[in-house]
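*Asks:* A single structure is presented below for examination.
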Amino acid sequence: MQSLLRRGASLFTPSPSPSPAQSKSSTPAREIRSAEDFVKAPAPEELFSKTDPATDGEECEHDCATCTIKYPVKFDVDQEDELYGHVNGWSTHLLVATGKTDWVRDVADEEGSVMEAVERGGVAPSNGKLKLSASNMPVPDEHHYHEKGEQPTTVLLLPSFTIIDHVTPKLVPDLIRNFVDPAVTNTTPLSGAPVPAEAKEEGTMTEEQVMTSLRSRPCPHAAVILLCSQKTRDARCGQSAPLLRKEFDRHLRPLGLHRDLDDERPGGVGIYFISHVGGHKYAANVIVYRRRNFDWYKATEAQVAEAEPATANAADEGASQCIWLARVRPEDCENIVRYTILQGKVVKPGTQLRGGFDRERGLVSW
């Protein structure tokens, strides 16, 4: 941990995703202007850069030596299966605030919930598959003063990093049509190139265009870590999530990046417990969504006006990468913070990377 602190301020300016020209992968440099330009990275090392001791230091080869948190003795997971390339693709990811860390086996079975309305309300997104997760994000105070089926809650839409407030089951069609449908997706190009006219429908709608009582605001975080905590699906998820959160917090706090559930200071890293995402036999599953610029919120209006398009749109571009890891143990957390969250690299791609996307380089794992 001391070696991490000695690096000081350099960690607060994480390296952006390598451009196609800089990448060590075999992916040729190309212009990425539409979802059709995205391609599947054939190997885990080609989707995200693997850490290299020559440039990242010897720390990248070592698990945390100061970690005192341990999984239960009988915490056994599958170590034989090949992980990469077996995750089904999705376009957007919706996290629904419930204030709970465990749920009924299928969260869509929770009668009168937003999850039920999303999954079974008959209104499907027009921009691709929606991944639905219940989360432990706090519910608003007014949630407790309404009958079941009318309780308002908060949702977080990814990769756009958009929070939509006061969502009720009855307003779910509005949520999907006015916020999910026009949102950026996992295959919306992330670049400074002008957006072609045919792709503008994937852009975020303005408040004036939204004919609904729902209102949105940017998620303040630079990155979010999602940990499956649903013990009704697998006890290992319920055991691992709180232990990993404690260890992630320990490494984020000295960097000023730790955020509590109600902490909405700009920047930092939010950590949320979510419902089953699949592959509990590979517990613990850790999904990281990260912006390419951790300091996007510091730009003044004048700087934004003079900036290149890629910088000017940084607040609206959403997550540049989603990195889905599995078989994560507490001793992995330090290097996941140091390299994955801050730099978009993977320490153990061959044994831990399940999949994800890189919108800047036009790559997906599916």
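Chain labels follow the order of the structure tokens: the first chain is A, the next B, and so on; residue numbering restarts at 1 in every chain, and ligands are counted from 1 in their shown order.
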Show me, as a ChimeraX atom specification, the residues that have an atom within 7 Å of Arg359 (chain A) when counting only C-alpha atoms, minus same-chain residues fewer than 6 positions from it.
*Replies:* /A:186-190,320-321
*Asks:* Let me see the file: selected residues, N, CA, C and O atoms, as a short mmCIF file (atom, residue, chain, number, x, y, z; two decimals), in the first residue's frame.
*Replies:*
```cif
data_model
loop_
_atom_site.label_atom_id
_atom_site.label_comp_id
_atom_site.auth_asym_id
_atom_site.auth_seq_id
_atom_site.Cartn_x
_atom_site.Cartn_y
_atom_site.Cartn_z
N ASN A 186 -23.51 0.44 -25.28
CA ASN A 186 -22.15 -0.12 -25.21
C ASN A 186 -21.42 -0.06 -26.54
O ASN A 186 -20.20 -0.20 -26.59
N THR A 187 -22.18 0.13 -27.61
CA THR A 187 -21.55 0.22 -28.94
C THR A 187 -21.81 1.56 -29.60
O THR A 187 -21.85 1.66 -30.83
N THR A 188 -22.01 2.59 -28.78
CA THR A 188 -22.00 3.96 -29.31
C THR A 188 -20.55 4.41 -29.36
O THR A 188 -19.86 4.38 -28.34
N PRO A 189 -20.03 4.81 -30.51
CA PRO A 189 -18.61 5.16 -30.60
C PRO A 189 -18.23 6.27 -29.62
O PRO A 189 -19.00 7.19 -29.37
N LEU A 190 -17.05 6.17 -29.09
CA LEU A 190 -16.51 7.15 -28.16
C LEU A 190 -15.30 7.78 -28.83
O LEU A 190 -14.21 7.24 -28.81
N SER A 320 -16.40 4.78 -20.85
CA SER A 320 -15.62 4.38 -22.01
C SER A 320 -15.39 2.88 -22.03
O SER A 320 -15.26 2.28 -23.08
N GLN A 321 -15.35 2.29 -20.84
CA GLN A 321 -15.09 0.85 -20.73
C GLN A 321 -15.99 0.21 -19.70
O GLN A 321 -16.40 0.84 -18.72
#
```
*Asks:* Compile the contact shell of Leu130 (chain A) as number ranges by chain: residues with an atom at most 9 Å away, counting only C-alpha atoms, same-chain residues fewer than 3 positions apart removed.
*Replies:* A: 90-94, 124-125, 127, 180
*Asks:* Those same residues - all heavy atoms - I'd like them written as an mmCIF file, in the first residue's frame.
*Replies:*
```cif
data_model
loop_
_atom_site.group_PDB
_atom_site.id
_atom_site.type_symbol
_atom_site.label_atom_id
_atom_site.label_comp_id
_atom_site.auth_asym_id
_atom_site.auth_seq_id
_atom_site.Cartn_x
_atom_site.Cartn_y
_atom_site.Cartn_z
ATOM 1 N N TRP A 90 -24.969 -7.035 -24.191
ATOM 2 C CA TRP A 90 -26.098 -6.203 -23.809
ATOM 3 C C TRP A 90 -25.814 -4.797 -24.322
ATOM 4 O O TRP A 90 -24.704 -4.478 -24.713
ATOM 5 C CB TRP A 90 -26.315 -6.223 -22.292
ATOM 6 C CG TRP A 90 -25.252 -5.520 -21.479
ATOM 7 C CD1 TRP A 90 -25.318 -4.248 -20.962
ATOM 8 C CD2 TRP A 90 -23.977 -6.036 -21.073
ATOM 9 N NE1 TRP A 90 -24.161 -3.944 -20.269
ATOM 10 C CE2 TRP A 90 -23.324 -5.027 -20.314
ATOM 11 C CE3 TRP A 90 -23.319 -7.253 -21.279
ATOM 12 C CZ2 TRP A 90 -22.047 -5.189 -19.779
ATOM 13 C CZ3 TRP A 90 -22.043 -7.418 -20.738
ATOM 14 C CH2 TRP A 90 -21.423 -6.406 -19.998
ATOM 15 N N SER A 91 -26.819 -3.962 -24.339
ATOM 16 C CA SER A 91 -26.670 -2.603 -24.861
ATOM 17 C C SER A 91 -26.661 -1.547 -23.767
ATOM 18 O O SER A 91 -25.882 -0.595 -23.808
ATOM 19 C CB SER A 91 -27.789 -2.284 -25.858
ATOM 20 O OG SER A 91 -27.680 -3.097 -27.003
ATOM 21 N N THR A 92 -27.570 -1.693 -22.803
ATOM 22 C CA THR A 92 -27.646 -0.772 -21.682
ATOM 23 C C THR A 92 -27.848 -1.570 -20.404
ATOM 24 O O THR A 92 -28.290 -2.727 -20.440
ATOM 25 C CB THR A 92 -28.797 0.241 -21.835
ATOM 26 O OG1 THR A 92 -30.023 -0.474 -22.055
ATOM 27 C CG2 THR A 92 -28.542 1.191 -22.995
ATOM 28 N N HIS A 93 -27.527 -0.958 -19.278
ATOM 29 C CA HIS A 93 -27.603 -1.638 -17.985
ATOM 30 C C HIS A 93 -28.351 -0.716 -17.032
ATOM 31 O O HIS A 93 -27.976 0.447 -16.861
ATOM 32 C CB HIS A 93 -26.189 -1.931 -17.466
ATOM 33 C CG HIS A 93 -26.138 -2.863 -16.306
ATOM 34 N ND1 HIS A 93 -24.940 -3.356 -15.805
ATOM 35 C CD2 HIS A 93 -27.107 -3.410 -15.512
ATOM 36 C CE1 HIS A 93 -25.184 -4.158 -14.780
ATOM 37 N NE2 HIS A 93 -26.496 -4.198 -14.584
ATOM 38 N N LEU A 94 -29.421 -1.219 -16.421
ATOM 39 C CA LEU A 94 -30.252 -0.414 -15.531
ATOM 40 C C LEU A 94 -30.156 -0.943 -14.110
ATOM 41 O O LEU A 94 -30.487 -2.101 -13.844
ATOM 42 C CB LEU A 94 -31.707 -0.449 -16.000
ATOM 43 C CG LEU A 94 -32.648 0.563 -15.348
ATOM 44 C CD1 LEU A 94 -32.332 1.977 -15.822
ATOM 45 C CD2 LEU A 94 -34.105 0.215 -15.673
ATOM 46 N N ALA A 124 -40.321 -2.910 -24.458
ATOM 47 C CA ALA A 124 -38.924 -3.293 -24.619
ATOM 48 C C ALA A 124 -38.135 -2.143 -25.223
ATOM 49 O O ALA A 124 -38.647 -1.401 -26.068
ATOM 50 C CB ALA A 124 -38.806 -4.521 -25.511
ATOM 51 N N PRO A 125 -36.882 -1.967 -24.810
ATOM 52 C CA PRO A 125 -36.050 -0.910 -25.405
ATOM 53 C C PRO A 125 -35.860 -1.143 -26.894
ATOM 54 O O PRO A 125 -35.815 -2.279 -27.358
ATOM 55 C CB PRO A 125 -34.724 -1.044 -24.646
ATOM 56 C CG PRO A 125 -35.060 -1.760 -23.382
ATOM 57 C CD PRO A 125 -36.183 -2.686 -23.735
ATOM 58 N N ASN A 127 -33.163 0.053 -28.470
ATOM 59 C CA ASN A 127 -31.727 0.152 -28.781
ATOM 60 C C ASN A 127 -30.933 -1.065 -28.318
ATOM 61 O O ASN A 127 -29.742 -0.970 -28.063
ATOM 62 C CB ASN A 127 -31.131 1.432 -28.185
ATOM 63 C CG ASN A 127 -31.290 1.506 -26.676
ATOM 64 O OD1 ASN A 127 -31.965 0.667 -26.068
ATOM 65 N ND2 ASN A 127 -30.673 2.512 -26.061
ATOM 66 N N VAL A 180 -34.013 5.408 -21.799
ATOM 67 C CA VAL A 180 -33.224 4.253 -22.236
ATOM 68 C C VAL A 180 -33.061 4.256 -23.756
ATOM 69 O O VAL A 180 -31.943 4.128 -24.275
ATOM 70 C CB VAL A 180 -33.856 2.930 -21.760
ATOM 71 C CG1 VAL A 180 -33.050 1.737 -22.296
ATOM 72 C CG2 VAL A 180 -33.931 2.880 -20.239
#
```
*Asks:* Hey, which of A:Thr55, A:Ser275, A:Ser160, A:Ser240 ends up closest to Met137 (chain A)? Count only C-alpha atoms.
*Replies:*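 Between A:Thr55, A:Ser275, A:Ser160, A:Ser240, the residue approaching Met137 (chain A) most closely is A:Ser275.
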*Asks:* Write out as a PyMOL selection string all residues of region 223-357 of chain A that DSSP puts in strand (DSSP E or B) for this structure's backbone.
*Replies:* chain A and resi 223-228+258+269-274+286-290+321-325+346+353-357
*Asks:* Need to verify the contact set: region 211-221 of chain A, 7 Å, only C-alpha atoms, exclusion of same-chain residues closer than 3 positions in sequence. Can you return it as a short mmCIF file (atom, residue, chain, number, x, y, z; two decimals) with N, CA and C atoms, in the first residue's frame?
*Replies:*
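Output file around-v9.cif is given in full below:
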```cif
data_model
loop_
_atom_site.label_atom_id
_atom_site.label_comp_id
_atom_site.auth_asym_id
_atom_site.auth_seq_id
_atom_site.Cartn_x
_atom_site.Cartn_y
_atom_site.Cartn_z
N PHE A 161 -24.09 6.76 -17.54
CA PHE A 161 -23.87 7.40 -16.25
C PHE A 161 -24.96 8.44 -15.98
N THR A 162 -26.22 8.02 -16.18
CA THR A 162 -27.37 8.90 -15.98
C THR A 162 -28.22 8.39 -14.83
N ILE A 163 -28.59 9.29 -13.91
CA ILE A 163 -29.50 8.97 -12.82
C ILE A 163 -30.87 9.52 -13.17
N ILE A 164 -31.90 8.69 -13.04
CA ILE A 164 -33.28 9.15 -13.26
C ILE A 164 -34.00 9.02 -11.93
N ASP A 165 -34.62 10.11 -11.50
CA ASP A 165 -35.25 10.17 -10.18
C ASP A 165 -36.75 9.91 -10.24
N HIS A 166 -37.28 9.45 -9.09
CA HIS A 166 -38.73 9.32 -8.87
C HIS A 166 -39.40 8.40 -9.89
N VAL A 167 -38.76 7.29 -10.19
CA VAL A 167 -39.33 6.31 -11.11
C VAL A 167 -40.30 5.41 -10.34
N ASP A 174 -42.37 5.38 -19.67
CA ASP A 174 -41.72 6.66 -19.91
C ASP A 174 -40.21 6.54 -19.75
N VAL A 224 -17.84 3.20 -11.36
CA VAL A 224 -18.64 2.43 -10.41
C VAL A 224 -18.16 0.98 -10.42
N GLU A 264 -22.47 12.29 -2.97
CA GLU A 264 -22.58 12.68 -4.37
C GLU A 264 -21.58 13.75 -4.76
N ARG A 265 -20.44 13.81 -4.05
CA ARG A 265 -19.37 14.70 -4.50
C ARG A 265 -18.90 14.25 -5.89
N PRO A 266 -18.61 15.19 -6.78
CA PRO A 266 -18.17 14.78 -8.12
C PRO A 266 -16.86 14.02 -8.08
N GLY A 267 -16.73 13.06 -8.97
CA GLY A 267 -15.54 12.22 -9.01
C GLY A 267 -15.71 11.03 -8.09
N GLY A 268 -14.62 10.36 -7.83
CA GLY A 268 -14.66 9.22 -6.92
C GLY A 268 -15.24 7.97 -7.55
N VAL A 269 -15.32 6.92 -6.75
CA VAL A 269 -15.76 5.62 -7.22
C VAL A 269 -16.91 5.14 -6.35
N GLY A 270 -18.05 4.88 -6.96
CA GLY A 270 -19.18 4.33 -6.24
C GLY A 270 -19.12 2.82 -6.25
#
```
